[in-house]
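Visitor: mmCIF, N, CA and C atoms, saved as protein04.cif, coming up:
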data_model
loop_
_atom_site.label_atom_id
_atom_site.label_comp_id
_atom_site.auth_asym_id
_atom_site.auth_seq_id
_atom_site.Cartn_x
_atom_site.Cartn_y
_atom_site.Cartn_z
N MET B 1 -62.42 57.72 -8.49
CA MET B 1 -62.40 56.30 -8.80
C MET B 1 -61.83 56.13 -10.20
N LEU B 2 -60.87 55.27 -10.33
CA LEU B 2 -60.28 54.99 -11.64
C LEU B 2 -61.28 54.24 -12.52
N GLU B 3 -61.28 54.54 -13.81
CA GLU B 3 -62.13 53.85 -14.76
C GLU B 3 -61.25 53.16 -15.79
N CYS B 4 -61.53 51.89 -16.06
CA CYS B 4 -60.74 51.12 -17.02
C CYS B 4 -60.99 51.62 -18.44
N THR B 5 -59.92 51.72 -19.21
CA THR B 5 -60.05 52.27 -20.56
C THR B 5 -59.86 51.24 -21.66
N TYR B 6 -59.21 50.13 -21.39
CA TYR B 6 -58.94 49.12 -22.40
C TYR B 6 -59.16 47.73 -21.80
N GLY B 7 -59.10 46.69 -22.65
CA GLY B 7 -59.23 45.33 -22.18
C GLY B 7 -58.11 44.98 -21.21
N GLY B 8 -58.39 44.04 -20.31
CA GLY B 8 -57.43 43.64 -19.31
C GLY B 8 -56.34 42.74 -19.86
N VAL B 9 -55.23 42.69 -19.15
CA VAL B 9 -54.09 41.85 -19.51
C VAL B 9 -53.86 40.88 -18.35
N TYR B 10 -53.78 39.59 -18.67
CA TYR B 10 -53.52 38.57 -17.65
C TYR B 10 -52.02 38.53 -17.38
N PHE B 11 -51.65 38.62 -16.08
CA PHE B 11 -50.24 38.57 -15.70
C PHE B 11 -50.15 38.15 -14.24
N GLY B 12 -49.38 37.11 -13.96
CA GLY B 12 -49.11 36.70 -12.58
C GLY B 12 -50.35 36.41 -11.77
N CYS B 13 -51.28 35.63 -12.30
CA CYS B 13 -52.53 35.25 -11.61
C CYS B 13 -53.45 36.44 -11.35
N SER B 14 -53.30 37.50 -12.13
CA SER B 14 -54.19 38.64 -11.98
C SER B 14 -54.53 39.20 -13.37
N VAL B 15 -55.64 39.91 -13.43
CA VAL B 15 -56.01 40.63 -14.64
C VAL B 15 -55.81 42.11 -14.33
N ASN B 16 -55.13 42.83 -15.24
CA ASN B 16 -54.73 44.22 -15.00
C ASN B 16 -55.23 45.11 -16.11
N TRP B 17 -55.74 46.28 -15.74
CA TRP B 17 -56.26 47.25 -16.70
C TRP B 17 -55.57 48.60 -16.53
N LEU B 18 -55.31 49.28 -17.63
CA LEU B 18 -54.91 50.68 -17.59
C LEU B 18 -56.16 51.48 -17.28
N ALA B 19 -56.05 52.45 -16.40
CA ALA B 19 -57.23 53.20 -15.98
C ALA B 19 -56.91 54.68 -15.88
N THR B 20 -57.95 55.50 -15.99
CA THR B 20 -57.81 56.95 -15.85
C THR B 20 -58.88 57.48 -14.92
N ASN B 21 -58.62 58.64 -14.38
CA ASN B 21 -59.57 59.32 -13.51
C ASN B 21 -59.43 60.81 -13.76
N LEU B 22 -60.53 61.49 -14.00
CA LEU B 22 -60.52 62.94 -14.18
C LEU B 22 -60.88 63.58 -12.86
N ILE B 23 -59.97 64.41 -12.34
CA ILE B 23 -60.15 65.04 -11.04
C ILE B 23 -60.39 66.53 -11.24
N ASP B 24 -61.37 67.06 -10.54
CA ASP B 24 -61.63 68.49 -10.53
C ASP B 24 -61.19 69.05 -9.19
N PRO B 25 -60.00 69.69 -9.11
CA PRO B 25 -59.52 70.20 -7.83
C PRO B 25 -60.25 71.45 -7.35
N GLY B 26 -61.21 71.93 -8.14
CA GLY B 26 -61.99 73.07 -7.71
C GLY B 26 -61.44 74.42 -8.09
N ASN B 27 -60.42 74.47 -8.94
CA ASN B 27 -59.84 75.75 -9.34
C ASN B 27 -59.92 75.95 -10.85
N ASP B 28 -60.96 75.39 -11.47
CA ASP B 28 -61.20 75.48 -12.91
C ASP B 28 -60.18 74.72 -13.75
N ASP B 29 -59.31 73.93 -13.12
CA ASP B 29 -58.39 73.06 -13.84
C ASP B 29 -58.88 71.63 -13.68
N LEU B 30 -58.61 70.81 -14.68
CA LEU B 30 -58.92 69.39 -14.59
C LEU B 30 -57.61 68.62 -14.64
N VAL B 31 -57.51 67.59 -13.82
CA VAL B 31 -56.28 66.81 -13.72
C VAL B 31 -56.61 65.35 -14.03
N TYR B 32 -55.83 64.76 -14.94
CA TYR B 32 -55.97 63.34 -15.21
C TYR B 32 -55.03 62.55 -14.32
N GLN B 33 -55.56 61.49 -13.73
CA GLN B 33 -54.78 60.58 -12.92
C GLN B 33 -54.72 59.27 -13.71
N PHE B 34 -53.55 58.66 -13.79
CA PHE B 34 -53.39 57.41 -14.51
C PHE B 34 -52.97 56.32 -13.54
N GLY B 35 -53.43 55.12 -13.80
CA GLY B 35 -53.08 54.04 -12.90
C GLY B 35 -53.37 52.68 -13.49
N ILE B 36 -53.25 51.69 -12.64
CA ILE B 36 -53.50 50.30 -13.01
C ILE B 36 -54.44 49.72 -11.97
N ILE B 37 -55.48 49.06 -12.45
CA ILE B 37 -56.36 48.31 -11.56
C ILE B 37 -56.03 46.84 -11.76
N SER B 38 -55.75 46.16 -10.66
CA SER B 38 -55.33 44.77 -10.71
C SER B 38 -56.31 43.91 -9.91
N LEU B 39 -56.85 42.87 -10.56
CA LEU B 39 -57.75 41.94 -9.90
C LEU B 39 -57.02 40.62 -9.69
N ASP B 40 -56.78 40.26 -8.43
CA ASP B 40 -56.13 39.00 -8.09
C ASP B 40 -57.17 37.89 -8.19
N LEU B 41 -56.99 36.97 -9.12
CA LEU B 41 -57.98 35.92 -9.35
C LEU B 41 -57.99 34.87 -8.25
N GLY B 42 -56.89 34.73 -7.52
CA GLY B 42 -56.83 33.76 -6.44
C GLY B 42 -57.59 34.21 -5.21
N THR B 43 -57.45 35.49 -4.84
CA THR B 43 -58.08 36.01 -3.63
C THR B 43 -59.35 36.80 -3.92
N GLU B 44 -59.60 37.08 -5.20
CA GLU B 44 -60.74 37.88 -5.64
C GLU B 44 -60.74 39.26 -4.97
N THR B 45 -59.55 39.85 -4.84
CA THR B 45 -59.40 41.21 -4.32
C THR B 45 -58.78 42.08 -5.39
N HIS B 46 -58.97 43.38 -5.26
CA HIS B 46 -58.39 44.29 -6.26
C HIS B 46 -57.51 45.33 -5.59
N THR B 47 -56.60 45.88 -6.38
CA THR B 47 -55.69 46.93 -5.93
C THR B 47 -55.66 48.01 -7.01
N GLN B 48 -55.63 49.26 -6.58
CA GLN B 48 -55.47 50.37 -7.51
C GLN B 48 -54.09 50.97 -7.31
N LEU B 49 -53.29 51.01 -8.36
CA LEU B 49 -51.95 51.58 -8.31
C LEU B 49 -51.98 52.86 -9.14
N ILE B 50 -51.75 54.01 -8.52
CA ILE B 50 -51.79 55.29 -9.21
C ILE B 50 -50.37 55.70 -9.56
N ILE B 51 -50.17 56.18 -10.78
CA ILE B 51 -48.84 56.52 -11.28
C ILE B 51 -48.59 58.01 -11.12
N CYS B 52 -47.36 58.38 -10.69
CA CYS B 52 -46.97 59.78 -10.57
C CYS B 52 -45.47 59.90 -10.82
N VAL B 53 -44.97 61.13 -10.86
CA VAL B 53 -43.53 61.39 -10.99
C VAL B 53 -43.11 62.25 -9.81
N LEU B 54 -42.08 61.79 -9.08
CA LEU B 54 -41.52 62.55 -7.96
C LEU B 54 -40.02 62.65 -8.16
N ARG B 55 -39.49 63.86 -8.16
CA ARG B 55 -38.05 64.10 -8.32
C ARG B 55 -37.49 63.31 -9.51
N ASN B 56 -38.15 63.44 -10.66
CA ASN B 56 -37.70 62.82 -11.91
C ASN B 56 -37.66 61.30 -11.87
N SER B 57 -38.46 60.68 -11.02
CA SER B 57 -38.55 59.22 -10.97
C SER B 57 -40.01 58.80 -11.08
N PHE B 58 -40.26 57.76 -11.88
CA PHE B 58 -41.61 57.20 -11.92
C PHE B 58 -41.91 56.56 -10.58
N CYS B 59 -43.12 56.79 -10.10
CA CYS B 59 -43.57 56.20 -8.85
C CYS B 59 -44.99 55.70 -9.03
N PHE B 60 -45.41 54.78 -8.20
CA PHE B 60 -46.82 54.49 -8.09
C PHE B 60 -47.14 54.37 -6.62
N TYR B 61 -48.39 54.67 -6.30
CA TYR B 61 -48.79 54.67 -4.90
C TYR B 61 -50.13 53.98 -4.77
N HIS B 62 -50.37 53.48 -3.56
CA HIS B 62 -51.63 52.79 -3.31
C HIS B 62 -51.92 52.71 -1.82
N ASP B 63 -53.18 52.45 -1.54
CA ASP B 63 -53.63 52.19 -0.18
C ASP B 63 -53.29 50.74 0.14
N PHE B 64 -52.87 50.47 1.38
CA PHE B 64 -52.57 49.11 1.80
C PHE B 64 -53.47 48.76 2.98
N ASN B 65 -54.43 47.89 2.75
CA ASN B 65 -55.35 47.38 3.78
C ASN B 65 -56.16 48.46 4.50
N GLY B 66 -56.29 49.64 3.90
CA GLY B 66 -57.05 50.70 4.54
C GLY B 66 -56.36 51.32 5.74
N THR B 67 -55.11 50.93 6.00
CA THR B 67 -54.39 51.43 7.17
C THR B 67 -53.12 52.18 6.83
N ASP B 68 -52.52 51.87 5.69
CA ASP B 68 -51.23 52.44 5.33
C ASP B 68 -51.24 52.99 3.91
N PHE B 69 -50.34 53.92 3.67
CA PHE B 69 -50.12 54.50 2.35
C PHE B 69 -48.72 54.11 1.91
N VAL B 70 -48.59 53.61 0.67
CA VAL B 70 -47.31 53.09 0.18
C VAL B 70 -46.95 53.75 -1.15
N ILE B 71 -45.68 54.15 -1.29
CA ILE B 71 -45.15 54.67 -2.55
C ILE B 71 -43.98 53.79 -2.97
N TRP B 72 -44.02 53.33 -4.23
CA TRP B 72 -42.92 52.58 -4.84
C TRP B 72 -42.25 53.48 -5.86
N LYS B 73 -40.94 53.37 -6.00
CA LYS B 73 -40.16 54.25 -6.87
C LYS B 73 -39.27 53.43 -7.80
N MET B 74 -39.22 53.83 -9.08
CA MET B 74 -38.32 53.20 -10.04
C MET B 74 -36.99 53.94 -9.94
N THR B 75 -35.96 53.29 -9.43
CA THR B 75 -34.68 53.96 -9.20
C THR B 75 -33.83 54.05 -10.45
N GLU B 76 -34.08 53.18 -11.43
CA GLU B 76 -33.34 53.21 -12.69
C GLU B 76 -34.34 53.10 -13.83
N PHE B 77 -34.53 54.19 -14.58
CA PHE B 77 -35.55 54.23 -15.63
C PHE B 77 -35.34 53.08 -16.61
N GLY B 78 -36.43 52.39 -16.90
CA GLY B 78 -36.40 51.30 -17.87
C GLY B 78 -36.02 49.95 -17.30
N ASN B 79 -35.54 49.92 -16.06
CA ASN B 79 -35.16 48.66 -15.43
C ASN B 79 -36.31 48.22 -14.53
N ASP B 80 -37.09 47.23 -14.99
CA ASP B 80 -38.26 46.82 -14.22
C ASP B 80 -37.90 46.13 -12.90
N LYS B 81 -36.64 45.81 -12.69
CA LYS B 81 -36.21 45.22 -11.43
C LYS B 81 -35.75 46.28 -10.42
N SER B 82 -35.82 47.56 -10.81
CA SER B 82 -35.33 48.62 -9.92
C SER B 82 -36.44 49.25 -9.07
N TRP B 83 -37.66 48.68 -9.09
CA TRP B 83 -38.73 49.21 -8.24
C TRP B 83 -38.41 48.90 -6.78
N THR B 84 -38.41 49.93 -5.95
CA THR B 84 -38.17 49.76 -4.52
C THR B 84 -39.26 50.49 -3.74
N GLN B 85 -39.56 49.99 -2.55
CA GLN B 85 -40.53 50.68 -1.71
C GLN B 85 -39.86 51.93 -1.15
N PHE B 86 -40.38 53.08 -1.54
CA PHE B 86 -39.81 54.36 -1.15
C PHE B 86 -40.33 54.81 0.20
N LEU B 87 -41.63 54.60 0.44
CA LEU B 87 -42.24 55.12 1.65
C LEU B 87 -43.46 54.29 2.01
N LYS B 88 -43.62 54.02 3.29
CA LYS B 88 -44.83 53.38 3.80
C LYS B 88 -45.10 53.99 5.17
N PHE B 89 -46.32 54.50 5.37
CA PHE B 89 -46.68 55.04 6.68
C PHE B 89 -48.14 54.78 6.97
N SER B 90 -48.45 54.77 8.25
CA SER B 90 -49.82 54.60 8.71
C SER B 90 -50.56 55.93 8.55
N TYR B 91 -51.83 55.86 8.14
CA TYR B 91 -52.64 57.07 8.04
C TYR B 91 -52.73 57.78 9.38
N HIS B 92 -52.62 57.06 10.47
CA HIS B 92 -52.69 57.68 11.80
C HIS B 92 -51.50 58.62 12.05
N ASN B 93 -50.39 58.43 11.34
CA ASN B 93 -49.24 59.34 11.47
C ASN B 93 -49.55 60.73 10.92
N LEU B 94 -50.62 60.86 10.17
CA LEU B 94 -50.98 62.17 9.63
C LEU B 94 -51.62 63.06 10.68
N ARG B 95 -52.03 62.47 11.79
CA ARG B 95 -52.63 63.22 12.91
C ARG B 95 -53.86 64.02 12.49
N LEU B 96 -54.66 63.42 11.63
CA LEU B 96 -55.91 64.04 11.23
C LEU B 96 -56.98 63.69 12.26
N THR B 97 -58.04 64.49 12.31
CA THR B 97 -59.14 64.19 13.21
C THR B 97 -59.91 62.98 12.68
N TYR B 98 -60.72 62.39 13.54
CA TYR B 98 -61.54 61.25 13.14
C TYR B 98 -62.41 61.63 11.95
N TYR B 99 -62.99 62.82 11.98
CA TYR B 99 -63.85 63.28 10.89
C TYR B 99 -63.05 63.39 9.59
N GLN B 100 -61.85 63.96 9.65
CA GLN B 100 -61.04 64.10 8.44
C GLN B 100 -60.65 62.74 7.87
N LEU B 101 -60.32 61.79 8.73
CA LEU B 101 -59.93 60.47 8.26
C LEU B 101 -61.10 59.71 7.66
N ASN B 102 -62.30 59.90 8.19
CA ASN B 102 -63.44 59.08 7.81
C ASN B 102 -64.51 59.84 7.04
N TYR B 103 -64.16 60.99 6.52
CA TYR B 103 -65.12 61.82 5.78
C TYR B 103 -65.78 61.03 4.65
N HIS B 104 -65.02 60.20 3.99
CA HIS B 104 -65.55 59.39 2.90
C HIS B 104 -65.59 57.92 3.31
N PHE B 105 -66.09 57.63 4.50
CA PHE B 105 -66.13 56.27 5.03
C PHE B 105 -67.20 55.47 4.30
N ARG B 106 -66.77 54.38 3.66
CA ARG B 106 -67.70 53.51 2.95
C ARG B 106 -67.24 52.07 3.10
N PHE B 107 -68.18 51.18 3.14
CA PHE B 107 -67.89 49.74 3.14
C PHE B 107 -66.94 49.35 4.26
N GLY B 108 -67.02 50.03 5.39
CA GLY B 108 -66.19 49.67 6.53
C GLY B 108 -64.73 50.05 6.40
N ARG B 109 -64.37 50.87 5.41
CA ARG B 109 -62.97 51.25 5.22
C ARG B 109 -62.84 52.76 5.16
N MET B 110 -61.71 53.23 5.62
CA MET B 110 -61.41 54.65 5.54
C MET B 110 -61.29 55.05 4.08
N ARG B 111 -61.82 56.20 3.73
CA ARG B 111 -61.82 56.63 2.35
C ARG B 111 -60.98 57.88 2.13
N LEU B 112 -60.02 58.13 2.99
CA LEU B 112 -59.08 59.22 2.76
C LEU B 112 -58.26 58.85 1.53
N ILE B 113 -58.22 59.75 0.55
CA ILE B 113 -57.46 59.49 -0.67
C ILE B 113 -56.37 60.55 -0.77
N LEU B 114 -55.11 60.09 -0.75
CA LEU B 114 -53.97 60.99 -0.85
C LEU B 114 -53.40 60.97 -2.26
N MET B 115 -52.83 62.09 -2.68
CA MET B 115 -52.16 62.18 -3.97
C MET B 115 -50.85 62.94 -3.77
N PRO B 116 -49.69 62.27 -3.94
CA PRO B 116 -48.40 62.97 -3.80
C PRO B 116 -48.25 64.01 -4.90
N LEU B 117 -47.85 65.22 -4.51
CA LEU B 117 -47.68 66.31 -5.47
C LEU B 117 -46.24 66.69 -5.70
N HIS B 118 -45.43 66.66 -4.63
CA HIS B 118 -44.05 67.16 -4.73
C HIS B 118 -43.17 66.54 -3.66
N LEU B 119 -41.95 66.17 -4.06
CA LEU B 119 -40.93 65.69 -3.13
C LEU B 119 -39.82 66.72 -3.11
N SER B 120 -39.42 67.16 -1.92
CA SER B 120 -38.38 68.20 -1.79
C SER B 120 -37.06 67.72 -2.38
N GLU B 121 -36.19 68.67 -2.68
CA GLU B 121 -34.88 68.33 -3.27
C GLU B 121 -34.07 67.41 -2.38
N ASP B 122 -34.13 67.62 -1.06
CA ASP B 122 -33.36 66.76 -0.15
C ASP B 122 -34.05 65.42 0.11
N GLY B 123 -35.28 65.27 -0.39
CA GLY B 123 -36.00 64.01 -0.26
C GLY B 123 -36.60 63.78 1.11
N ASP B 124 -36.62 64.80 1.97
CA ASP B 124 -37.12 64.64 3.33
C ASP B 124 -38.59 65.04 3.51
N THR B 125 -39.14 65.80 2.57
CA THR B 125 -40.49 66.32 2.73
C THR B 125 -41.32 66.03 1.50
N LEU B 126 -42.54 65.56 1.74
CA LEU B 126 -43.46 65.22 0.66
C LEU B 126 -44.73 66.03 0.85
N VAL B 127 -45.24 66.61 -0.24
CA VAL B 127 -46.48 67.38 -0.20
C VAL B 127 -47.58 66.54 -0.82
N PHE B 128 -48.71 66.43 -0.11
CA PHE B 128 -49.87 65.66 -0.56
C PHE B 128 -51.09 66.55 -0.71
N ALA B 129 -51.94 66.21 -1.66
CA ALA B 129 -53.32 66.70 -1.69
C ALA B 129 -54.17 65.58 -1.11
N ALA B 130 -55.30 65.93 -0.52
CA ALA B 130 -56.21 64.92 0.03
C ALA B 130 -57.63 65.26 -0.39
N ASN B 131 -58.44 64.23 -0.61
CA ASN B 131 -59.79 64.43 -1.11
C ASN B 131 -60.70 65.16 -0.13
N ASN B 132 -60.40 65.15 1.15
CA ASN B 132 -61.30 65.78 2.10
C ASN B 132 -60.73 67.01 2.79
N LEU B 133 -59.62 67.54 2.28
CA LEU B 133 -59.04 68.77 2.82
C LEU B 133 -59.08 69.82 1.70
N LYS B 134 -60.20 70.46 1.55
CA LYS B 134 -60.37 71.44 0.47
C LYS B 134 -59.39 72.60 0.63
N HIS B 135 -58.70 72.95 -0.44
CA HIS B 135 -57.80 74.09 -0.50
C HIS B 135 -56.66 74.01 0.52
N GLN B 136 -56.29 72.80 0.94
CA GLN B 136 -55.18 72.61 1.85
C GLN B 136 -54.32 71.47 1.32
N VAL B 137 -53.08 71.44 1.74
CA VAL B 137 -52.20 70.32 1.43
C VAL B 137 -51.66 69.77 2.75
N ILE B 138 -51.13 68.57 2.69
CA ILE B 138 -50.46 67.96 3.83
C ILE B 138 -48.97 67.98 3.52
N ILE B 139 -48.18 68.54 4.42
CA ILE B 139 -46.73 68.54 4.29
C ILE B 139 -46.21 67.47 5.24
N PHE B 140 -45.70 66.38 4.67
CA PHE B 140 -45.32 65.20 5.43
C PHE B 140 -43.80 65.08 5.47
N SER B 141 -43.26 64.97 6.66
CA SER B 141 -41.83 64.80 6.85
C SER B 141 -41.49 63.31 6.87
N ILE B 142 -40.70 62.86 5.94
CA ILE B 142 -40.30 61.46 5.85
C ILE B 142 -39.44 61.06 7.04
N THR B 143 -38.75 62.03 7.64
CA THR B 143 -37.87 61.75 8.78
C THR B 143 -38.60 61.68 10.12
N GLY B 144 -39.91 61.89 10.12
CA GLY B 144 -40.67 61.77 11.35
C GLY B 144 -40.88 63.07 12.08
N GLU B 145 -40.48 64.18 11.49
CA GLU B 145 -40.71 65.49 12.12
C GLU B 145 -42.22 65.81 12.09
N PRO B 146 -42.66 66.82 12.85
CA PRO B 146 -44.09 67.17 12.86
C PRO B 146 -44.62 67.50 11.44
N ILE B 147 -45.91 67.28 11.30
CA ILE B 147 -46.59 67.48 10.02
C ILE B 147 -47.36 68.79 10.05
N GLU B 148 -47.41 69.46 8.90
CA GLU B 148 -48.15 70.71 8.78
C GLU B 148 -49.30 70.53 7.81
N TYR B 149 -50.35 71.37 7.97
CA TYR B 149 -51.51 71.37 7.06
C TYR B 149 -51.70 72.76 6.49
#
Can you give me the file's structure in the form of structure tokens?
Guide:
Amino acid sequence: MLECTYGGVYFGCSVNWLATNLIDPGNDDLVYQFGIISLDLGTETHTQLIICVLRNSFCFYHDFNGTDFVIWKMTEFGNDKSWTQFLKFSYHNLRLTYYQLNYHFRFGRMRLILMPLHLSEDGDTLVFAANNLKHQVIIFSITGEPIEY
């Protein structure tokens, strides 16, 4: 869970905070995750946007409605208008078992948490870590080929 580190900034009918999360992957290393927590004042809903780098491009990723995973990519560094949706897929495309998908089921929503680790040079394959797959990764084919664990 991301924790807010500074006061919020009002922007576009929402209040936004810079946030961090310390992750223990279980191998004596600690990993910091950085992101933005955004509270929409009109709908009283929140979104967590996690920041990462894939193939030398800034990206952020988030859960969409508990059903889909979305990655946005900055195609031109420094140009805030160059953000494009890089990838969106349904969690069901991962072909995980019901138990794997709902291991962290809370508040009526799936709690599978994915973290992109690596994008292949050809841009066709993405490697993910997941909160409920200890010592395993998900190798996801962007082109729709079978997935490996």
Visitor: Report as a ChimeraX atom specification the full result of the PyMOL selection byres (((chain B and resi 116-127 and name CA) around 6) and name CA) when it is applied to this structure.
Guide: /B:54,115,128,138-142
Visitor: Take the PyMOL selection byres (((chain B and resi 59 and name CA) around 10) and name CA), run it mentally on this structure, and tell me the resulting residues as a PDB file with N, CA and C atoms, in the coordinates of the input.
Guide:
ATOM      1  N   LEU B  49     -53.290  51.010  -8.360  1.00  0.00           N
ATOM      2  CA  LEU B  49     -51.950  51.580  -8.310  1.00  0.00           C
ATOM      3  C   LEU B  49     -51.980  52.860  -9.140  1.00  0.00           C
ATOM      4  N   ILE B  50     -51.750  54.010  -8.520  1.00  0.00           N
ATOM      5  CA  ILE B  50     -51.790  55.290  -9.210  1.00  0.00           C
ATOM      6  C   ILE B  50     -50.370  55.700  -9.560  1.00  0.00           C
ATOM      7  N   ILE B  51     -50.170  56.180 -10.780  1.00  0.00           N
ATOM      8  CA  ILE B  51     -48.840  56.520 -11.280  1.00  0.00           C
ATOM      9  C   ILE B  51     -48.590  58.010 -11.120  1.00  0.00           C
ATOM     10  N   CYS B  52     -47.360  58.380 -10.690  1.00  0.00           N
ATOM     11  CA  CYS B  52     -46.970  59.780 -10.570  1.00  0.00           C
ATOM     12  C   CYS B  52     -45.470  59.900 -10.820  1.00  0.00           C
ATOM     13  N   VAL B  53     -44.970  61.130 -10.860  1.00  0.00           N
ATOM     14  CA  VAL B  53     -43.530  61.390 -10.990  1.00  0.00           C
ATOM     15  C   VAL B  53     -43.110  62.250  -9.810  1.00  0.00           C
ATOM     16  N   LEU B  54     -42.080  61.790  -9.080  1.00  0.00           N
ATOM     17  CA  LEU B  54     -41.520  62.550  -7.960  1.00  0.00           C
ATOM     18  C   LEU B  54     -40.020  62.650  -8.160  1.00  0.00           C
ATOM     19  N   ARG B  55     -39.490  63.860  -8.160  1.00  0.00           N
ATOM     20  CA  ARG B  55     -38.050  64.100  -8.320  1.00  0.00           C
ATOM     21  C   ARG B  55     -37.490  63.310  -9.510  1.00  0.00           C
ATOM     22  N   ASN B  56     -38.150  63.440 -10.660  1.00  0.00           N
ATOM     23  CA  ASN B  56     -37.700  62.820 -11.910  1.00  0.00           C
ATOM     24  C   ASN B  56     -37.660  61.300 -11.870  1.00  0.00           C
ATOM     25  N   SER B  57     -38.460  60.680 -11.020  1.00  0.00           N
ATOM     26  CA  SER B  57     -38.550  59.220 -10.970  1.00  0.00           C
ATOM     27  C   SER B  57     -40.010  58.800 -11.080  1.00  0.00           C
ATOM     28  N   PHE B  58     -40.260  57.760 -11.880  1.00  0.00           N
ATOM     29  CA  PHE B  58     -41.610  57.200 -11.920  1.00  0.00           C
ATOM     30  C   PHE B  58     -41.910  56.560 -10.580  1.00  0.00           C
ATOM     31  N   PHE B  60     -45.410  54.780  -8.200  1.00  0.00           N
ATOM     32  CA  PHE B  60     -46.820  54.490  -8.090  1.00  0.00           C
ATOM     33  C   PHE B  60     -47.140  54.370  -6.620  1.00  0.00           C
ATOM     34  N   TYR B  61     -48.390  54.670  -6.300  1.00  0.00           N
ATOM     35  CA  TYR B  61     -48.790  54.670  -4.900  1.00  0.00           C
ATOM     36  C   TYR B  61     -50.130  53.980  -4.770  1.00  0.00           C
ATOM     37  N   ILE B  71     -45.680  54.150  -1.290  1.00  0.00           N
ATOM     38  CA  ILE B  71     -45.150  54.670  -2.550  1.00  0.00           C
ATOM     39  C   ILE B  71     -43.980  53.790  -2.970  1.00  0.00           C
ATOM     40  N   TRP B  72     -44.020  53.330  -4.230  1.00  0.00           N
ATOM     41  CA  TRP B  72     -42.920  52.580  -4.840  1.00  0.00           C
ATOM     42  C   TRP B  72     -42.250  53.480  -5.860  1.00  0.00           C
ATOM     43  N   LYS B  73     -40.940  53.370  -6.000  1.00  0.00           N
ATOM     44  CA  LYS B  73     -40.160  54.250  -6.870  1.00  0.00           C
ATOM     45  C   LYS B  73     -39.270  53.430  -7.800  1.00  0.00           C
ATOM     46  N   MET B  74     -39.220  53.830  -9.080  1.00  0.00           N
ATOM     47  CA  MET B  74     -38.320  53.200 -10.040  1.00  0.00           C
ATOM     48  C   MET B  74     -36.990  53.940  -9.940  1.00  0.00           C
ATOM     49  N   THR B  75     -35.960  53.290  -9.430  1.00  0.00           N
ATOM     50  CA  THR B  75     -34.680  53.960  -9.200  1.00  0.00           C
ATOM     51  C   THR B  75     -33.830  54.050 -10.450  1.00  0.00           C
ATOM     52  N   TRP B  83     -37.660  48.680  -9.090  1.00  0.00           N
ATOM     53  CA  TRP B  83     -38.730  49.210  -8.240  1.00  0.00           C
ATOM     54  C   TRP B  83     -38.410  48.900  -6.780  1.00  0.00           C
ATOM     55  N   THR B  84     -38.410  49.930  -5.950  1.00  0.00           N
ATOM     56  CA  THR B  84     -38.170  49.760  -4.520  1.00  0.00           C
ATOM     57  C   THR B  84     -39.260  50.490  -3.740  1.00  0.00           C
ATOM     58  N   GLN B  85     -39.560  49.990  -2.550  1.00  0.00           N
ATOM     59  CA  GLN B  85     -40.530  50.680  -1.710  1.00  0.00           C
ATOM     60  C   GLN B  85     -39.860  51.930  -1.150  1.00  0.00           C
ATOM     61  N   PHE B  86     -40.380  53.080  -1.540  1.00  0.00           N
ATOM     62  CA  PHE B  86     -39.810  54.360  -1.150  1.00  0.00           C
ATOM     63  C   PHE B  86     -40.330  54.810   0.200  1.00  0.00           C
ATOM     64  N   PRO B 116     -49.690  62.270  -3.940  1.00  0.00           N
ATOM     65  CA  PRO B 116     -48.400  62.970  -3.800  1.00  0.00           C
ATOM     66  C   PRO B 116     -48.250  64.010  -4.900  1.00  0.00           C
TER      67      PRO B 116
END
Visitor: Go ahead and compute the interatomic distance for atom CA of Phe69 of chain B and atom CA of Leu114 of chain B, in Å to one decimal.
Guide: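 Those two atoms sit 8.2 Å apart.
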Visitor: For atom C of Thr20 of chain B and atom N of Tyr32 of chain B, determine how far apart the two atoms are, in Å to one decimal place.
Guide: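 Pair atom C of Thr20 of chain B / atom N of Tyr32 of chain B returns 7.9 Å.
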Visitor: Once the PyMOL selection byres (((chain B and resi 36-38 and name CA) around 7) and name CA) is applied to the coordinates I shared, what remains selected? I want it as a PyMOL selection string.
Guide: chain B and resi 14-19+35+39-40+46-50
Visitor: Since we have the selection now, will you write its residues out, keeping N, CA and C atoms, as a compact mmCIF listing (two decimals), keeping the file's coordinate frame?
Guide:
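Heads up, here's the output in out_2.txt:
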# COMPACT_ATOMS: atom_id res chain seq x y z
N SER B 14 -53.30 37.50 -12.13
CA SER B 14 -54.19 38.64 -11.98
C SER B 14 -54.53 39.20 -13.37
N VAL B 15 -55.64 39.91 -13.43
CA VAL B 15 -56.01 40.63 -14.64
C VAL B 15 -55.81 42.11 -14.33
N ASN B 16 -55.13 42.83 -15.24
CA ASN B 16 -54.73 44.22 -15.00
C ASN B 16 -55.23 45.11 -16.11
N TRP B 17 -55.74 46.28 -15.74
CA TRP B 17 -56.26 47.25 -16.70
C TRP B 17 -55.57 48.60 -16.53
N LEU B 18 -55.31 49.28 -17.63
CA LEU B 18 -54.91 50.68 -17.59
C LEU B 18 -56.16 51.48 -17.28
N ALA B 19 -56.05 52.45 -16.40
CA ALA B 19 -57.23 53.20 -15.98
C ALA B 19 -56.91 54.68 -15.88
N GLY B 35 -53.43 55.12 -13.80
CA GLY B 35 -53.08 54.04 -12.90
C GLY B 35 -53.37 52.68 -13.49
N LEU B 39 -56.85 42.87 -10.56
CA LEU B 39 -57.75 41.94 -9.90
C LEU B 39 -57.02 40.62 -9.69
N ASP B 40 -56.78 40.26 -8.43
CA ASP B 40 -56.13 39.00 -8.09
C ASP B 40 -57.17 37.89 -8.19
N HIS B 46 -58.97 43.38 -5.26
CA HIS B 46 -58.39 44.29 -6.26
C HIS B 46 -57.51 45.33 -5.59
N THR B 47 -56.60 45.88 -6.38
CA THR B 47 -55.69 46.93 -5.93
C THR B 47 -55.66 48.01 -7.01
N GLN B 48 -55.63 49.26 -6.58
CA GLN B 48 -55.47 50.37 -7.51
C GLN B 48 -54.09 50.97 -7.31
N LEU B 49 -53.29 51.01 -8.36
CA LEU B 49 -51.95 51.58 -8.31
C LEU B 49 -51.98 52.86 -9.14
N ILE B 50 -51.75 54.01 -8.52
CA ILE B 50 -51.79 55.29 -9.21
C ILE B 50 -50.37 55.70 -9.56
